[in-house]
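Enquirer: Have a peek at data37.cif (mmCIF, N, CA, C and O atoms).
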```cif
data_input
#
loop_
_atom_site.label_atom_id
_atom_site.label_comp_id
_atom_site.auth_asym_id
_atom_site.auth_seq_id
_atom_site.Cartn_x
_atom_site.Cartn_y
_atom_site.Cartn_z
N MET D 368 -68.22 104.97 -155.09
CA MET D 368 -68.58 105.20 -156.46
C MET D 368 -69.96 104.61 -156.71
O MET D 368 -70.43 103.78 -155.98
N GLY D 369 -70.54 105.00 -157.79
CA GLY D 369 -71.85 104.48 -158.14
C GLY D 369 -72.94 105.48 -157.84
O GLY D 369 -72.73 106.51 -157.20
N SER D 370 -74.11 105.16 -158.29
CA SER D 370 -75.23 106.06 -158.08
C SER D 370 -75.93 105.74 -156.77
O SER D 370 -75.59 104.80 -156.06
N MET D 371 -76.93 106.53 -156.45
CA MET D 371 -77.69 106.32 -155.23
C MET D 371 -78.48 105.00 -155.29
O MET D 371 -78.78 104.42 -154.27
N ILE D 372 -78.79 104.54 -156.49
CA ILE D 372 -79.59 103.33 -156.62
C ILE D 372 -78.76 102.10 -156.25
O ILE D 372 -79.26 101.17 -155.66
N THR D 373 -77.47 102.11 -156.59
CA THR D 373 -76.64 100.94 -156.32
C THR D 373 -76.18 100.87 -154.87
O THR D 373 -75.79 99.82 -154.41
N GLN D 374 -76.22 101.98 -154.15
CA GLN D 374 -75.79 101.98 -152.76
C GLN D 374 -76.97 101.61 -151.87
O GLN D 374 -78.11 101.94 -152.16
N PRO D 375 -76.73 100.90 -150.78
CA PRO D 375 -77.84 100.50 -149.90
C PRO D 375 -78.46 101.72 -149.23
O PRO D 375 -77.79 102.71 -148.95
N PHE D 376 -79.74 101.61 -148.98
CA PHE D 376 -80.49 102.70 -148.35
C PHE D 376 -80.21 102.71 -146.86
O PHE D 376 -80.39 101.71 -146.17
N GLU D 377 -79.76 103.81 -146.34
CA GLU D 377 -79.50 103.96 -144.92
C GLU D 377 -80.31 105.15 -144.41
O GLU D 377 -80.05 106.29 -144.79
N PRO D 378 -81.32 104.90 -143.56
CA PRO D 378 -82.09 106.03 -143.03
C PRO D 378 -81.23 106.86 -142.08
O PRO D 378 -80.39 106.35 -141.37
N PHE D 379 -81.44 108.15 -142.10
CA PHE D 379 -80.69 109.02 -141.23
C PHE D 379 -81.64 109.71 -140.27
O PHE D 379 -82.82 109.87 -140.55
N GLN D 380 -81.13 110.08 -139.11
CA GLN D 380 -81.95 110.74 -138.10
C GLN D 380 -81.55 112.20 -138.02
O GLN D 380 -80.37 112.55 -138.05
N VAL D 381 -82.56 113.05 -137.92
CA VAL D 381 -82.33 114.48 -137.80
C VAL D 381 -82.32 114.82 -136.32
O VAL D 381 -83.21 114.42 -135.56
N ALA D 382 -81.32 115.56 -135.89
CA ALA D 382 -81.23 115.95 -134.49
C ALA D 382 -82.30 116.99 -134.18
O ALA D 382 -82.54 117.91 -134.96
N THR D 383 -82.97 116.83 -133.03
CA THR D 383 -84.01 117.78 -132.64
C THR D 383 -83.36 118.99 -132.00
O THR D 383 -82.34 118.88 -131.31
N PRO D 384 -83.93 120.16 -132.19
CA PRO D 384 -83.39 121.35 -131.55
C PRO D 384 -83.54 121.25 -130.03
O PRO D 384 -84.44 120.58 -129.53
N PRO D 385 -82.66 121.90 -129.27
CA PRO D 385 -82.70 121.76 -127.80
C PRO D 385 -84.00 122.24 -127.18
O PRO D 385 -84.48 121.65 -126.22
N GLU D 386 -84.64 123.29 -127.70
CA GLU D 386 -85.86 123.76 -127.07
C GLU D 386 -87.01 122.79 -127.29
O GLU D 386 -87.89 122.67 -126.46
N ALA D 387 -87.04 122.04 -128.39
CA ALA D 387 -88.09 121.05 -128.61
C ALA D 387 -87.84 119.80 -127.77
O ALA D 387 -88.77 119.12 -127.36
N ALA D 388 -86.58 119.48 -127.50
CA ALA D 388 -86.25 118.28 -126.73
C ALA D 388 -86.52 118.47 -125.24
O ALA D 388 -86.68 117.50 -124.52
N SER D 389 -86.58 119.71 -124.76
CA SER D 389 -86.77 119.94 -123.34
C SER D 389 -88.22 120.24 -122.97
O SER D 389 -88.47 120.78 -121.92
N SER D 390 -89.19 119.87 -123.81
CA SER D 390 -90.58 120.12 -123.47
C SER D 390 -91.01 119.21 -122.32
O SER D 390 -90.43 118.15 -122.08
N ALA D 391 -92.04 119.62 -121.60
CA ALA D 391 -92.45 118.92 -120.39
C ALA D 391 -92.99 117.52 -120.70
O ALA D 391 -92.70 116.57 -119.99
N SER D 392 -93.80 117.37 -121.74
CA SER D 392 -94.37 116.06 -122.07
C SER D 392 -94.19 115.80 -123.56
O SER D 392 -95.07 116.11 -124.35
N PRO D 393 -93.06 115.24 -123.95
CA PRO D 393 -92.87 114.96 -125.37
C PRO D 393 -93.79 113.84 -125.84
O PRO D 393 -94.11 112.93 -125.07
N ALA D 394 -94.22 113.93 -127.08
CA ALA D 394 -95.10 112.90 -127.64
C ALA D 394 -94.29 111.63 -127.89
O ALA D 394 -93.17 111.70 -128.39
N PRO D 395 -94.82 110.47 -127.51
CA PRO D 395 -94.08 109.23 -127.75
C PRO D 395 -94.03 108.93 -129.24
O PRO D 395 -95.01 109.09 -129.97
N LEU D 396 -92.87 108.50 -129.69
CA LEU D 396 -92.69 108.15 -131.09
C LEU D 396 -92.99 106.67 -131.28
O LEU D 396 -92.68 105.84 -130.43
N ALA D 397 -93.56 106.35 -132.43
CA ALA D 397 -93.84 104.95 -132.73
C ALA D 397 -92.56 104.26 -133.14
O ALA D 397 -91.68 104.85 -133.76
N ALA D 398 -92.43 103.03 -132.75
CA ALA D 398 -91.24 102.25 -133.14
C ALA D 398 -91.27 102.04 -134.65
O ALA D 398 -92.34 101.91 -135.25
N PRO D 399 -90.10 102.00 -135.30
CA PRO D 399 -90.10 101.87 -136.75
C PRO D 399 -90.73 100.58 -137.26
O PRO D 399 -91.28 100.55 -138.33
N GLY D 400 -90.70 99.52 -136.50
CA GLY D 400 -91.25 98.25 -136.97
C GLY D 400 -92.65 97.98 -136.48
O GLY D 400 -93.23 96.95 -136.78
N SER D 401 -93.25 98.89 -135.71
CA SER D 401 -94.57 98.62 -135.16
C SER D 401 -95.64 98.82 -136.24
O SER D 401 -95.61 99.77 -137.01
N PRO D 402 -96.61 97.90 -136.31
CA PRO D 402 -97.66 98.02 -137.32
C PRO D 402 -98.68 99.08 -136.92
O PRO D 402 -98.80 99.45 -135.76
N THR D 403 -99.40 99.58 -137.90
CA THR D 403 -100.46 100.53 -137.61
C THR D 403 -101.65 99.79 -137.02
O THR D 403 -101.73 98.57 -137.08
N SER D 404 -102.56 100.51 -136.45
CA SER D 404 -103.70 99.87 -135.81
C SER D 404 -104.57 99.19 -136.87
O SER D 404 -104.79 99.72 -137.95
N PRO D 405 -105.12 98.02 -136.57
CA PRO D 405 -105.91 97.29 -137.56
C PRO D 405 -107.27 97.92 -137.81
O PRO D 405 -107.92 97.58 -138.78
N GLU D 406 -107.72 98.84 -136.95
CA GLU D 406 -109.03 99.46 -137.15
C GLU D 406 -109.02 100.43 -138.32
O GLU D 406 -110.04 100.68 -138.92
N GLN D 407 -107.86 100.99 -138.64
CA GLN D 407 -107.78 101.96 -139.72
C GLN D 407 -107.60 101.23 -141.04
O GLN D 407 -106.63 100.52 -141.24
N THR D 408 -108.57 101.39 -141.94
CA THR D 408 -108.45 100.80 -143.27
C THR D 408 -107.91 101.85 -144.22
O THR D 408 -108.14 103.05 -144.02
N PRO D 409 -107.20 101.46 -145.24
CA PRO D 409 -106.70 102.44 -146.20
C PRO D 409 -107.85 103.16 -146.89
O PRO D 409 -108.89 102.57 -147.17
N VAL D 410 -107.67 104.42 -147.15
CA VAL D 410 -108.72 105.25 -147.74
C VAL D 410 -109.14 104.77 -149.13
O VAL D 410 -110.32 104.71 -149.43
N PRO D 411 -108.21 104.38 -150.04
CA PRO D 411 -108.65 103.98 -151.38
C PRO D 411 -109.58 102.78 -151.40
O PRO D 411 -110.36 102.63 -152.31
N SER D 412 -109.54 101.90 -150.40
CA SER D 412 -110.43 100.75 -150.43
C SER D 412 -111.88 101.15 -150.16
O SER D 412 -112.79 100.43 -150.55
N ASN D 413 -112.10 102.28 -149.51
CA ASN D 413 -113.45 102.73 -149.22
C ASN D 413 -113.92 103.84 -150.14
O ASN D 413 -115.03 104.31 -150.02
N CYS D 414 -113.09 104.28 -151.04
CA CYS D 414 -113.40 105.43 -151.88
C CYS D 414 -114.14 104.97 -153.14
O CYS D 414 -113.55 104.39 -154.05
N TRP D 415 -115.45 105.21 -153.17
CA TRP D 415 -116.27 104.77 -154.29
C TRP D 415 -115.87 105.47 -155.58
O TRP D 415 -115.78 104.85 -156.63
N SER D 416 -115.62 106.76 -155.52
CA SER D 416 -115.27 107.48 -156.75
C SER D 416 -113.92 107.03 -157.29
O SER D 416 -113.73 106.98 -158.51
N CYS D 417 -112.98 106.64 -156.41
CA CYS D 417 -111.69 106.12 -156.88
C CYS D 417 -111.87 104.80 -157.59
O CYS D 417 -111.25 104.55 -158.63
N ARG D 418 -112.73 103.94 -157.04
CA ARG D 418 -112.98 102.65 -157.68
C ARG D 418 -113.68 102.82 -159.02
O ARG D 418 -113.36 102.12 -159.99
N VAL D 419 -114.63 103.74 -159.11
CA VAL D 419 -115.34 103.96 -160.36
C VAL D 419 -114.39 104.52 -161.42
O VAL D 419 -114.38 104.07 -162.57
N LEU D 420 -113.56 105.47 -161.02
CA LEU D 420 -112.63 106.08 -161.97
C LEU D 420 -111.61 105.07 -162.48
O LEU D 420 -111.40 104.92 -163.69
N SER D 421 -110.97 104.34 -161.57
CA SER D 421 -109.95 103.40 -162.01
C SER D 421 -110.57 102.20 -162.71
O SER D 421 -110.01 101.70 -163.70
N GLY D 422 -111.71 101.73 -162.25
CA GLY D 422 -112.37 100.60 -162.90
C GLY D 422 -112.84 100.93 -164.30
O GLY D 422 -112.64 100.15 -165.24
N SER D 423 -113.44 102.10 -164.46
CA SER D 423 -113.89 102.48 -165.81
C SER D 423 -112.70 102.76 -166.72
O SER D 423 -112.76 102.50 -167.94
N GLY D 424 -111.61 103.27 -166.18
CA GLY D 424 -110.41 103.47 -166.99
C GLY D 424 -109.85 102.15 -167.48
O GLY D 424 -109.43 102.03 -168.64
N LEU D 425 -109.82 101.13 -166.61
CA LEU D 425 -109.33 99.82 -167.03
C LEU D 425 -110.28 99.16 -168.03
O LEU D 425 -109.83 98.50 -168.97
N ILE D 426 -111.58 99.34 -167.85
CA ILE D 426 -112.53 98.78 -168.81
C ILE D 426 -112.34 99.45 -170.17
O ILE D 426 -112.34 98.78 -171.22
N GLY D 427 -112.15 100.77 -170.17
CA GLY D 427 -111.91 101.47 -171.44
C GLY D 427 -110.60 101.06 -172.09
O GLY D 427 -110.53 100.88 -173.31
N ALA D 428 -109.55 100.90 -171.30
CA ALA D 428 -108.25 100.48 -171.86
C ALA D 428 -108.34 99.07 -172.42
O ALA D 428 -107.81 98.78 -173.50
N GLY D 429 -109.01 98.18 -171.69
CA GLY D 429 -109.18 96.81 -172.18
C GLY D 429 -110.03 96.76 -173.44
O GLY D 429 -109.73 95.99 -174.37
N GLY D 430 -111.06 97.58 -173.48
CA GLY D 430 -111.88 97.65 -174.69
C GLY D 430 -111.10 98.16 -175.89
O GLY D 430 -111.26 97.68 -177.01
N TYR D 431 -110.24 99.14 -175.65
CA TYR D 431 -109.42 99.68 -176.74
C TYR D 431 -108.43 98.63 -177.25
O TYR D 431 -108.26 98.46 -178.45
N VAL D 432 -107.78 97.92 -176.32
CA VAL D 432 -106.82 96.88 -176.74
C VAL D 432 -107.54 95.80 -177.53
O VAL D 432 -107.06 95.33 -178.56
N TYR D 433 -108.72 95.39 -177.07
CA TYR D 433 -109.50 94.39 -177.80
C TYR D 433 -109.93 94.91 -179.16
O TYR D 433 -109.88 94.20 -180.16
N TRP D 434 -110.38 96.17 -179.22
CA TRP D 434 -110.86 96.74 -180.47
C TRP D 434 -109.75 96.85 -181.51
O TRP D 434 -109.98 96.58 -182.69
N VAL D 435 -108.55 97.23 -181.08
CA VAL D 435 -107.43 97.34 -182.01
C VAL D 435 -107.06 95.96 -182.56
O VAL D 435 -106.73 95.82 -183.74
N ALA D 436 -107.14 94.92 -181.74
CA ALA D 436 -106.83 93.58 -182.21
C ALA D 436 -107.95 93.03 -183.09
O ALA D 436 -107.71 92.22 -183.98
N ARG D 437 -109.17 93.45 -182.85
CA ARG D 437 -110.33 92.92 -183.58
C ARG D 437 -110.51 93.58 -184.95
O ARG D 437 -111.10 92.98 -185.85
N LYS D 438 -110.00 94.79 -185.12
CA LYS D 438 -110.21 95.54 -186.36
C LYS D 438 -109.73 94.80 -187.61
O LYS D 438 -110.47 94.70 -188.58
N PRO D 439 -108.49 94.23 -187.65
CA PRO D 439 -108.08 93.51 -188.86
C PRO D 439 -108.90 92.24 -189.11
O PRO D 439 -109.10 91.84 -190.25
N VAL D 440 -109.38 91.62 -188.03
CA VAL D 440 -110.18 90.42 -188.19
C VAL D 440 -111.51 90.77 -188.86
O VAL D 440 -112.01 90.01 -189.69
N LYS D 441 -112.08 91.92 -188.52
CA LYS D 441 -113.33 92.35 -189.15
C LYS D 441 -113.14 92.67 -190.63
O LYS D 441 -114.09 92.58 -191.40
N LEU D 442 -111.92 93.05 -191.01
CA LEU D 442 -111.65 93.36 -192.41
C LEU D 442 -111.41 92.10 -193.24
O LEU D 442 -111.20 92.19 -194.45
N GLY D 443 -111.40 90.94 -192.63
CA GLY D 443 -111.27 89.69 -193.35
C GLY D 443 -109.93 89.01 -193.24
O GLY D 443 -109.73 87.95 -193.82
N HIS D 444 -109.00 89.59 -192.50
CA HIS D 444 -107.71 88.95 -192.31
C HIS D 444 -107.85 87.81 -191.31
O HIS D 444 -108.56 87.95 -190.31
N PRO D 445 -107.17 86.70 -191.53
CA PRO D 445 -107.26 85.60 -190.55
C PRO D 445 -106.55 85.99 -189.25
O PRO D 445 -105.48 86.59 -189.29
N PRO D 446 -107.15 85.65 -188.13
CA PRO D 446 -106.50 86.02 -186.86
C PRO D 446 -105.26 85.18 -186.61
O PRO D 446 -105.29 83.95 -186.69
N GLY D 447 -104.18 85.84 -186.29
CA GLY D 447 -102.94 85.14 -185.96
C GLY D 447 -102.81 85.00 -184.46
O GLY D 447 -103.65 85.48 -183.69
N PRO D 448 -101.77 84.34 -184.00
CA PRO D 448 -101.60 84.17 -182.56
C PRO D 448 -101.39 85.49 -181.83
O PRO D 448 -101.80 85.65 -180.68
N GLY D 449 -100.77 86.46 -182.49
CA GLY D 449 -100.55 87.76 -181.85
C GLY D 449 -101.85 88.51 -181.61
O GLY D 449 -102.06 89.08 -180.54
N SER D 450 -102.71 88.51 -182.61
CA SER D 450 -103.98 89.23 -182.42
C SER D 450 -104.89 88.52 -181.43
O SER D 450 -105.62 89.16 -180.67
N ILE D 451 -104.84 87.19 -181.40
CA ILE D 451 -105.63 86.45 -180.42
C ILE D 451 -105.12 86.75 -179.01
O ILE D 451 -105.92 86.97 -178.08
N MET D 452 -103.80 86.78 -178.86
CA MET D 452 -103.23 87.10 -177.54
C MET D 452 -103.59 88.53 -177.12
O MET D 452 -103.89 88.79 -175.96
N GLN D 453 -103.60 89.44 -178.09
CA GLN D 453 -103.96 90.82 -177.79
C GLN D 453 -105.42 90.92 -177.36
O GLN D 453 -105.75 91.68 -176.45
N MET D 454 -106.30 90.15 -177.99
CA MET D 454 -107.70 90.14 -177.58
C MET D 454 -107.86 89.59 -176.16
O MET D 454 -108.63 90.12 -175.36
N VAL D 455 -107.11 88.53 -175.84
CA VAL D 455 -107.19 87.94 -174.50
C VAL D 455 -106.69 88.93 -173.46
O VAL D 455 -107.29 89.08 -172.40
N ILE D 456 -105.61 89.63 -173.77
CA ILE D 456 -105.09 90.63 -172.84
C ILE D 456 -106.08 91.78 -172.66
O ILE D 456 -106.29 92.26 -171.54
N GLY D 457 -106.72 92.21 -173.75
CA GLY D 457 -107.73 93.26 -173.64
C GLY D 457 -108.90 92.86 -172.78
O GLY D 457 -109.38 93.63 -171.94
N ILE D 458 -109.37 91.62 -172.94
CA ILE D 458 -110.47 91.13 -172.11
C ILE D 458 -110.03 91.03 -170.65
O ILE D 458 -110.80 91.35 -169.73
N SER D 459 -108.79 90.61 -170.43
CA SER D 459 -108.29 90.49 -169.06
C SER D 459 -108.20 91.85 -168.37
O SER D 459 -108.55 91.98 -167.19
N ILE D 460 -107.74 92.86 -169.10
CA ILE D 460 -107.66 94.21 -168.52
C ILE D 460 -109.05 94.71 -168.18
O ILE D 460 -109.28 95.29 -167.11
N ALA D 461 -110.01 94.48 -169.08
CA ALA D 461 -111.38 94.91 -168.81
C ALA D 461 -111.97 94.17 -167.62
O ALA D 461 -112.69 94.77 -166.80
N CYS D 462 -111.67 92.89 -167.47
CA CYS D 462 -112.17 92.13 -166.33
C CYS D 462 -111.58 92.63 -165.02
O CYS D 462 -112.27 92.66 -163.99
N CYS D 463 -110.33 93.06 -165.05
CA CYS D 463 -109.73 93.66 -163.84
C CYS D 463 -110.49 94.93 -163.46
O CYS D 463 -110.70 95.20 -162.28
N GLY D 464 -110.90 95.71 -164.44
CA GLY D 464 -111.70 96.91 -164.16
C GLY D 464 -113.04 96.58 -163.55
O GLY D 464 -113.51 97.26 -162.64
N VAL D 465 -113.68 95.51 -164.03
CA VAL D 465 -114.97 95.10 -163.47
C VAL D 465 -114.80 94.64 -162.02
O VAL D 465 -115.61 94.97 -161.15
N VAL D 466 -113.71 93.92 -161.75
CA VAL D 466 -113.47 93.45 -160.38
C VAL D 466 -113.22 94.63 -159.45
O VAL D 466 -113.70 94.66 -158.30
N ILE D 467 -112.48 95.64 -159.91
CA ILE D 467 -112.24 96.81 -159.07
C ILE D 467 -113.54 97.55 -158.79
O ILE D 467 -113.79 97.98 -157.66
N MET D 468 -114.40 97.67 -159.79
CA MET D 468 -115.67 98.36 -159.56
C MET D 468 -116.61 97.55 -158.68
O MET D 468 -117.34 98.11 -157.86
N ALA D 469 -116.61 96.23 -158.83
CA ALA D 469 -117.53 95.39 -158.05
C ALA D 469 -117.06 95.25 -156.61
O ALA D 469 -117.89 95.12 -155.70
N ASP D 470 -115.77 95.26 -156.36
CA ASP D 470 -115.17 95.15 -155.02
C ASP D 470 -115.72 93.95 -154.25
O ASP D 470 -116.31 94.10 -153.19
N PRO D 471 -115.52 92.72 -154.77
CA PRO D 471 -116.11 91.58 -154.08
C PRO D 471 -115.48 91.29 -152.72
O PRO D 471 -116.16 90.86 -151.80
N LYS D 472 -114.20 91.55 -152.54
CA LYS D 472 -113.57 91.28 -151.25
C LYS D 472 -114.05 92.26 -150.19
O LYS D 472 -114.33 91.87 -149.05
N GLY D 473 -114.18 93.51 -150.53
CA GLY D 473 -114.64 94.49 -149.56
C GLY D 473 -116.06 94.25 -149.11
O GLY D 473 -116.41 94.48 -147.96
N LYS D 474 -116.92 93.77 -150.01
CA LYS D 474 -118.31 93.52 -149.65
C LYS D 474 -118.46 92.29 -148.77
O LYS D 474 -119.38 92.20 -147.98
N SER D 475 -117.56 91.33 -148.91
CA SER D 475 -117.69 90.11 -148.12
C SER D 475 -117.26 90.31 -146.68
O SER D 475 -117.59 89.50 -145.83
N PHE D 476 -116.56 91.41 -146.35
CA PHE D 476 -116.09 91.63 -145.00
C PHE D 476 -116.79 92.80 -144.30
O PHE D 476 -116.39 93.19 -143.24
N ARG D 477 -117.84 93.34 -144.90
CA ARG D 477 -118.55 94.44 -144.24
C ARG D 477 -119.50 93.88 -143.19
O ARG D 477 -120.22 92.91 -143.42
N PHE D 478 -119.54 94.53 -142.06
CA PHE D 478 -120.41 94.11 -140.98
C PHE D 478 -121.31 95.26 -140.56
O PHE D 478 -120.93 96.40 -140.61
N GLY D 479 -122.48 94.91 -140.09
CA GLY D 479 -123.37 95.87 -139.46
C GLY D 479 -123.97 96.81 -140.37
O GLY D 479 -124.43 97.75 -140.49
#
```
Take the structure in the file and give it back as structure tokens.
Expert:
Amino acid sequence: MGSMITQPFEPFQVATPPEAASSASPAPLAAPGSPTSPEQTPVPSNCWSCRVLSGSGLIGAGGYVYWVARKPVKLGHPPGPGSIMQMVIGISIACCGVVIMADPKGKSFRFG
């Protein structure tokens, strides 16, 4: 009983057809626990357009969150703890966008 989420995940193996199993030189399969080669870096870490798009999106979202919290303060209402927290969260989101665009970790490990 229960849904698929509550039951433990059990991987299943698909049986290969007999004509594919009898080939002269079958390709070796990688072990399930073996790591990938360290020379291959993930594509998103090197993708400049992905970093610009996601970084500018986070900067815009952070700016919007900050702007919404700042609007009542500009109208003369005293800032409460909620609006101050919202401004801090907005600045934090925007700073995450700047870090993604700047990519300081990737630049410190580039060679040659």
Enquirer: Excluding Arg418 (chain D) and any residue of its chain fewer than 6 positions from it, enumerate the residues within 10 Å of it, using only C-alpha atoms, and give them as a ChimeraX atom specification.
Expert: /D:411-412,424,464-470
Enquirer: Show me, as a PDB file with N, CA, C and O atoms, in the frame of the given file, the residues that have an atom within 8 Å of Cys463 (chain D) when counting all atoms listed in the file, minus same-chain residues fewer than 6 positions from it.
Expert:
```pdb
ATOM      1  N   ARG D 418    -112.730 103.940-157.040  1.00  0.00           N
ATOM      2  CA  ARG D 418    -112.980 102.650-157.680  1.00  0.00           C
ATOM      3  C   ARG D 418    -113.680 102.820-159.020  1.00  0.00           C
ATOM      4  O   ARG D 418    -113.360 102.120-159.990  1.00  0.00           O
ATOM      5  N   SER D 421    -110.970 104.340-161.570  1.00  0.00           N
ATOM      6  CA  SER D 421    -109.950 103.400-162.010  1.00  0.00           C
ATOM      7  C   SER D 421    -110.570 102.200-162.710  1.00  0.00           C
ATOM      8  O   SER D 421    -110.010 101.700-163.700  1.00  0.00           O
ATOM      9  N   GLY D 422    -111.710 101.730-162.250  1.00  0.00           N
ATOM     10  CA  GLY D 422    -112.370 100.600-162.900  1.00  0.00           C
ATOM     11  C   GLY D 422    -112.840 100.930-164.300  1.00  0.00           C
ATOM     12  O   GLY D 422    -112.640 100.150-165.240  1.00  0.00           O
ATOM     13  N   SER D 423    -113.440 102.100-164.460  1.00  0.00           N
ATOM     14  CA  SER D 423    -113.890 102.480-165.810  1.00  0.00           C
ATOM     15  C   SER D 423    -112.700 102.760-166.720  1.00  0.00           C
ATOM     16  O   SER D 423    -112.760 102.500-167.940  1.00  0.00           O
ATOM     17  N   LEU D 425    -109.820 101.130-166.610  1.00  0.00           N
ATOM     18  CA  LEU D 425    -109.330  99.820-167.030  1.00  0.00           C
ATOM     19  C   LEU D 425    -110.280  99.160-168.030  1.00  0.00           C
ATOM     20  O   LEU D 425    -109.830  98.500-168.970  1.00  0.00           O
ATOM     21  N   ILE D 426    -111.580  99.340-167.850  1.00  0.00           N
ATOM     22  CA  ILE D 426    -112.530  98.780-168.810  1.00  0.00           C
ATOM     23  C   ILE D 426    -112.340  99.450-170.170  1.00  0.00           C
ATOM     24  O   ILE D 426    -112.340  98.780-171.220  1.00  0.00           O
ATOM     25  N   ILE D 456    -105.610  89.630-173.770  1.00  0.00           N
ATOM     26  CA  ILE D 456    -105.090  90.630-172.840  1.00  0.00           C
ATOM     27  C   ILE D 456    -106.080  91.780-172.660  1.00  0.00           C
ATOM     28  O   ILE D 456    -106.290  92.260-171.540  1.00  0.00           O
ATOM     29  N   GLY D 457    -106.720  92.210-173.750  1.00  0.00           N
ATOM     30  CA  GLY D 457    -107.730  93.260-173.640  1.00  0.00           C
ATOM     31  C   GLY D 457    -108.900  92.860-172.780  1.00  0.00           C
ATOM     32  O   GLY D 457    -109.380  93.630-171.940  1.00  0.00           O
ATOM     33  N   ALA D 469    -116.610  96.230-158.830  1.00  0.00           N
ATOM     34  CA  ALA D 469    -117.530  95.390-158.050  1.00  0.00           C
ATOM     35  C   ALA D 469    -117.060  95.250-156.610  1.00  0.00           C
ATOM     36  O   ALA D 469    -117.890  95.120-155.700  1.00  0.00           O
ATOM     37  N   ASP D 470    -115.770  95.260-156.360  1.00  0.00           N
ATOM     38  CA  ASP D 470    -115.170  95.150-155.020  1.00  0.00           C
ATOM     39  C   ASP D 470    -115.720  93.950-154.250  1.00  0.00           C
ATOM     40  O   ASP D 470    -116.310  94.100-153.190  1.00  0.00           O
TER      41      ASP D 470
END
```
Enquirer: Written as number ranges by chain, what is the full residue list that the PyMOL selection byres ((chain D and resi 454) around 7) yields on the file shown?
Expert: D: 429, 432-434, 436-437, 448-453, 455-460
Enquirer: Find the distance between atom N of Ala428 (chain D) and atom N of Cys462 (chain D) and write it in Å to one decimal.
Expert: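 Between atom N of Ala428 (chain D) and atom N of Cys462 (chain D) the gap works out to 9.1 Å.
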Enquirer: Between CA of Lys438 (chain D) and atom N of Ala461 (chain D), measure the distance and give it in Å to one decimal.
Expert: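 Interatomic distance here is 17.3 Å.
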Enquirer: Between atom C of Gly447 (chain D) and atom O of Val435 (chain D), what is the distance in Å, rounded to a tenth?
Expert: 11.5 Å
Enquirer: Enclose the full set of atoms of region 419-430 of chain D listed in the file within a box whose edges lie along x, y and z, apply 4 Å of padding to each of the six sides, and report centre and edge lengths in Å to one decimal as AutoDock Vina command-line options.
Expert:
```
--center_x -111.6 --center_y 101.0 --center_z -168.1 --size_x 15.5 --size_y 18.1 --size_z 25.9
```
